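Asks: The structure's right below; bear with me while I get my questions together.
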Amino acid sequence: MTGEPDYDLKTLGVEPEELDGFTLEDLTDYLDEGRTPPNPAIEESAGCRLALDALERLRALTPELLAADVAAEPATDEGWVQGILAGIALDARAGRRIPLTEEVPGRDLGITEGAIRGLIRAAETAVPGVLVGRCFIDGEVEEFGVPVRIRLEIGVAFGTPIPASVELLRTEIAARLRTHTGLNVTGIDISVRDVSAPIVVAGGEPAWPEPAGSEPTREIHSLDINPEDNR
Amino acid sequence: MSGERFSSALENADDRIVAGRAADGDAAAFAVLVRRYTPMMRAYARRILPGSAEVDDVVQDTFITAWAQLPELENLERVKSWLMRITSRKAVDRLRSSRPHADIDLVEPVASPAATPPRRAEALASVAALSAALKELPDAQRECWVLRELGDYGYDEIAEELDLPLSTVRGLLARARKYIIVRMEQWR
């Protein structure tokens with residue numbers, strides 16, 4: 001700030017008479033708009049500049065305040081977590097009722113949508129490095145034998161061979177659904193939504209193994225590789 | 001995956017996957033969200049309800065509502081800011097029930113001379129100063145400031161949440177900012 005001797009001499013003021021007629025509210029709005037378009041009347045006012053600096057310092061400090069507050073909170077103990085789980089209605093996710101057999105008078109055998117989602121999630125145990133996220137069963141499942149499609153999102157650990165793992169997961173889900181339900185599954189769409197942060201291997205770049213001859217996975221709708229977003 | 005490896009994978013999975021499982025009814029995934037965001041939600045609720053014994057109740061209520069409403073959350077990756085929103089709503093509800101509506105304090109805050117924060121490293125001292133200044137603010141000013149700056153609310157959203165005219169919200173925020181920056185200047 002050369003050539004502005006009075007800039008340093010002035011003390012911070014917050015009233016219009018100290019801000020060349022502007023209010024602190026005007027200056028906050030101006031900051032919210034990213035100081036664009038530049039307003040020369042504000043930018044050339046020493047009083048406004050001081051107040052803008054103070055407002056910017058405050059704004060920069062706010063995330064630090066929240067971080068310090070969070071750090072000061074006690075660690076979440078397991079009793080707290082269990083207390084919350086005890087208060088939620090686990091059956092709230094049952095969803096639709098899906099018949100397991102052809103309708104027979106006097107006999108009624110069905111499974112809930114929620115239970116089928118559980119079956120689908122459990123397929124991940126057969127595929128290392130894969131975690132199933134949200135899944136949907138598209139179709140009129142309440143009627144036996146109607147074609148349905150399964151749609152799910154997965155996250156994979158960095159280094160997991162994606163095409164092979166997706167294929168393995170699809171096979172596993174199909175087999176489990178065939179064994180345990182009467183669903184007429186016509187397709188299983190899998191989207192990879194997350195690749196978890198790479199585990200840095202000592203002495204080299206983390207590898208991304210790609211099995212030879214693996215087919216492109218056209219069923220992958222979106223492949224969001226953003227390790228920075230991953231916590 | 002073995003049980004232990006699996007739970008650590010879930011513990012480290014990103015919000016979208018974890019929230020997606022919870023939306024589908026996986027209580028273990030919901031527990032991950034509870035562990036992950038309880039400290040942040042407590043801290044935020046505490047800024048809205050300082051000195052209140054109700055902070056834990058607010059956070060607990062928030063999770064119960066969140067569990068019920070998760071299946072309707074469209075952007076699962078935004079679960080964190082969604083939880084923060086529910087937290088502030090619940091905290092504001094407690095405020096409303098604990099004081100008469102007309103209590104829009106026109107009183108100006110009084111800085112207590114004993115409230116000078118300790119001078120440690122500059123950044124820490126500044127955070128402590130901000131924290132102290134916030135505690136000195138009258139309730140309505142503090143609530144507006146916390147919702148705006150910590151909760152990322154728009155002015156109109158604050159007006160709706162606190163059931164105040166927009167012009168009042170703007171005025172309260174202007175006074176809160178004025179007070180905070182002057183107070184922090186004194187401590188610099």
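Following the order of the structure tokens, chains are lettered A, B, ..., residues in each are numbered from 1, and ligands are numbered from 1.
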Please give the complete set of residues from segment 81-142 of chain A that DSSP, run on the backbone, assigns to helix (DSSP H, G or I), formatted as an NGL selection string.

Replies: :A and (81-87 or 90-93 or 113-126)

Asks: The selected residues should be written to file as a compact mmCIF listing (two decimals), in the first residue's frame (atoms: C-alpha atoms).

Replies:
```
# COMPACT_ATOMS: atom_id res chain seq x y z
CA VAL A 81 -24.34 -44.19 18.97
CA GLN A 82 -26.25 -47.16 20.33
CA GLY A 83 -28.73 -44.83 22.06
CA ILE A 84 -29.56 -43.23 18.73
CA LEU A 85 -29.85 -46.56 16.94
CA ALA A 86 -32.25 -47.69 19.67
CA GLY A 87 -34.46 -44.72 18.90
CA LEU A 90 -35.65 -50.05 11.76
CA ASP A 91 -38.76 -51.44 10.11
CA ALA A 92 -39.38 -48.10 8.41
CA ARG A 93 -37.45 -49.34 5.39
CA GLU A 113 -38.06 -54.91 -0.61
CA GLY A 114 -35.83 -54.01 2.33
CA ALA A 115 -34.84 -57.64 2.79
CA ILE A 116 -33.97 -57.90 -0.90
CA ARG A 117 -31.79 -54.81 -0.64
CA GLY A 118 -30.07 -56.52 2.28
CA LEU A 119 -29.45 -59.57 0.06
CA ILE A 120 -28.00 -57.35 -2.65
CA ARG A 121 -25.70 -55.57 -0.20
CA ALA A 122 -24.54 -58.87 1.23
CA ALA A 123 -23.21 -59.87 -2.21
CA GLU A 124 -20.34 -57.46 -1.63
CA THR A 125 -18.80 -59.91 0.83
CA ALA A 126 -17.85 -62.04 -2.18
```

Asks: What residues in chain B have any atom no more than 6 Å from chain A when counting only C-alpha atoms, and can you write them as a compact mmCIF listing (two decimals) with C-alpha atoms, in the first residue's frame?

Replies:
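Result file follows (out_22.txt):
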```txt
# COMPACT_ATOMS: atom_id res chain seq x y z
CA MET B 1 -14.47 -59.31 3.47
CA ASP B 14 -17.53 -41.64 1.28
CA ILE B 17 -22.16 -44.64 -0.34
CA GLY B 20 -27.15 -44.59 0.38
CA ARG B 21 -26.92 -47.69 2.53
CA GLY B 25 -32.15 -49.38 5.86
CA PRO B 39 -19.11 -33.63 16.98
CA MET B 40 -19.82 -31.16 14.17
CA ALA B 43 -20.59 -27.81 17.98
CA ILE B 64 -34.06 -39.51 14.33
CA VAL B 127 -10.53 -17.79 17.13
CA ALA B 174 -25.32 -5.77 10.36
```

Asks: Using only C-alpha atoms, which of B:Pro165, B:Gly171, B:Pro138, B:Gly151 sits nearest Lys80 of chain B?

Replies: B:Gly151

Asks: Give me the residues within 9 Å of Thr181 of chain A as a PyMOL selection string, counting only C-alpha atoms and dropping any in the same chain fewer than 4 places off.

Replies: chain A and resi 98-101+110-111+116+176-177

Asks: Can you tell me how far atom CA of Glu160 of chain B sits from atom CA of Leu27 of chain A, in Å to one decimal?

Replies: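 Those two atoms sit 24.0 Å apart.
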
Asks: Within segment 120-212 of chain A, find each residue whose DSSP state, derived from the backbone, is strand (DSSP E), and express the selection as a tab-separated table (two decimals) with N, CA and C atoms, in the first residue's frame.

Replies:
```tsv
chain	number	residue	atom	x	y	z
A	130	VAL	N	-15.11	-53.92	-2.61
A	130	VAL	CA	-16.34	-53.28	-3.11
A	130	VAL	C	-17.33	-53.06	-1.96
A	131	LEU	N	-17.95	-51.89	-1.96
A	131	LEU	CA	-18.97	-51.56	-0.97
A	131	LEU	C	-20.21	-51.09	-1.72
A	132	VAL	N	-21.34	-51.73	-1.43
A	132	VAL	CA	-22.58	-51.36	-2.12
A	132	VAL	C	-23.22	-50.15	-1.43
A	133	GLY	N	-23.67	-49.20	-2.22
A	133	GLY	CA	-24.38	-48.03	-1.69
A	133	GLY	C	-25.88	-48.20	-1.89
A	134	ARG	N	-26.51	-47.15	-2.39
A	134	ARG	CA	-27.96	-47.20	-2.58
A	134	ARG	C	-28.33	-48.20	-3.67
A	135	CYS	N	-29.41	-48.91	-3.50
A	135	CYS	CA	-29.88	-49.74	-4.61
A	135	CYS	C	-31.39	-49.64	-4.78
A	136	PHE	N	-31.81	-49.80	-6.02
A	136	PHE	CA	-33.22	-49.69	-6.38
A	136	PHE	C	-33.67	-50.93	-7.12
A	137	ILE	N	-34.92	-51.28	-6.92
A	137	ILE	CA	-35.50	-52.39	-7.68
A	137	ILE	C	-36.58	-51.76	-8.56
A	138	ASP	N	-36.30	-51.64	-9.84
A	138	ASP	CA	-37.22	-50.96	-10.76
A	138	ASP	C	-38.16	-51.97	-11.40
A	147	PRO	N	-40.88	-58.55	-15.15
A	147	PRO	CA	-39.44	-58.25	-15.28
A	147	PRO	C	-39.05	-57.03	-14.42
A	148	VAL	N	-37.95	-57.16	-13.72
A	148	VAL	CA	-37.44	-56.03	-12.93
A	148	VAL	C	-35.95	-55.81	-13.23
A	149	ARG	N	-35.53	-54.58	-13.04
A	149	ARG	CA	-34.10	-54.27	-13.15
A	149	ARG	C	-33.59	-53.81	-11.80
A	150	ILE	N	-32.38	-54.20	-11.51
A	150	ILE	CA	-31.73	-53.79	-10.27
A	150	ILE	C	-30.73	-52.68	-10.63
A	151	ARG	N	-30.73	-51.65	-9.85
A	151	ARG	CA	-29.86	-50.52	-10.11
A	151	ARG	C	-29.13	-50.22	-8.80
A	152	LEU	N	-27.81	-50.19	-8.83
A	152	LEU	CA	-27.11	-49.89	-7.58
A	152	LEU	C	-25.85	-49.09	-7.80
A	153	GLU	N	-25.43	-48.44	-6.72
A	153	GLU	CA	-24.19	-47.67	-6.72
A	153	GLU	C	-23.19	-48.41	-5.87
A	154	ILE	N	-21.92	-48.35	-6.27
A	154	ILE	CA	-20.91	-48.96	-5.42
A	154	ILE	C	-19.71	-48.01	-5.25
A	155	GLY	N	-18.99	-48.23	-4.18
A	155	GLY	CA	-17.70	-47.58	-3.99
A	155	GLY	C	-16.65	-48.68	-4.03
A	156	VAL	N	-15.49	-48.37	-4.58
A	156	VAL	CA	-14.45	-49.39	-4.61
A	156	VAL	C	-13.18	-48.84	-3.98
A	184	ASN	N	-37.86	-61.87	-11.38
A	184	ASN	CA	-37.47	-62.06	-12.78
A	184	ASN	C	-36.54	-60.91	-13.17
A	185	VAL	N	-35.25	-61.08	-12.86
A	185	VAL	CA	-34.28	-59.99	-13.05
A	185	VAL	C	-33.80	-59.94	-14.49
A	186	THR	N	-34.04	-58.83	-15.17
A	186	THR	CA	-33.61	-58.73	-16.57
A	186	THR	C	-32.30	-57.96	-16.70
A	187	GLY	N	-31.87	-57.31	-15.65
A	187	GLY	CA	-30.61	-56.59	-15.75
A	187	GLY	C	-30.17	-56.04	-14.40
A	188	ILE	N	-28.86	-55.90	-14.27
A	188	ILE	CA	-28.31	-55.32	-13.03
A	188	ILE	C	-27.37	-54.20	-13.44
A	189	ASP	N	-27.77	-52.97	-13.18
A	189	ASP	CA	-26.95	-51.81	-13.56
A	189	ASP	C	-26.14	-51.35	-12.36
A	190	ILE	N	-24.85	-51.28	-12.58
A	190	ILE	CA	-23.97	-50.90	-11.47
A	190	ILE	C	-23.21	-49.63	-11.82
A	191	SER	N	-23.29	-48.62	-10.97
A	191	SER	CA	-22.52	-47.39	-11.18
A	191	SER	C	-21.44	-47.28	-10.11
A	192	VAL	N	-20.23	-47.04	-10.53
A	192	VAL	CA	-19.16	-46.80	-9.56
A	192	VAL	C	-19.18	-45.33	-9.19
A	193	ARG	N	-19.52	-45.03	-7.97
A	193	ARG	CA	-19.66	-43.64	-7.56
A	193	ARG	C	-18.49	-43.12	-6.77
A	194	ASP	N	-17.63	-44.00	-6.34
A	194	ASP	CA	-16.55	-43.53	-5.49
A	194	ASP	C	-15.38	-44.50	-5.59
A	195	VAL	N	-14.19	-43.94	-5.72
A	195	VAL	CA	-12.99	-44.74	-5.60
A	195	VAL	C	-12.24	-44.18	-4.41
```
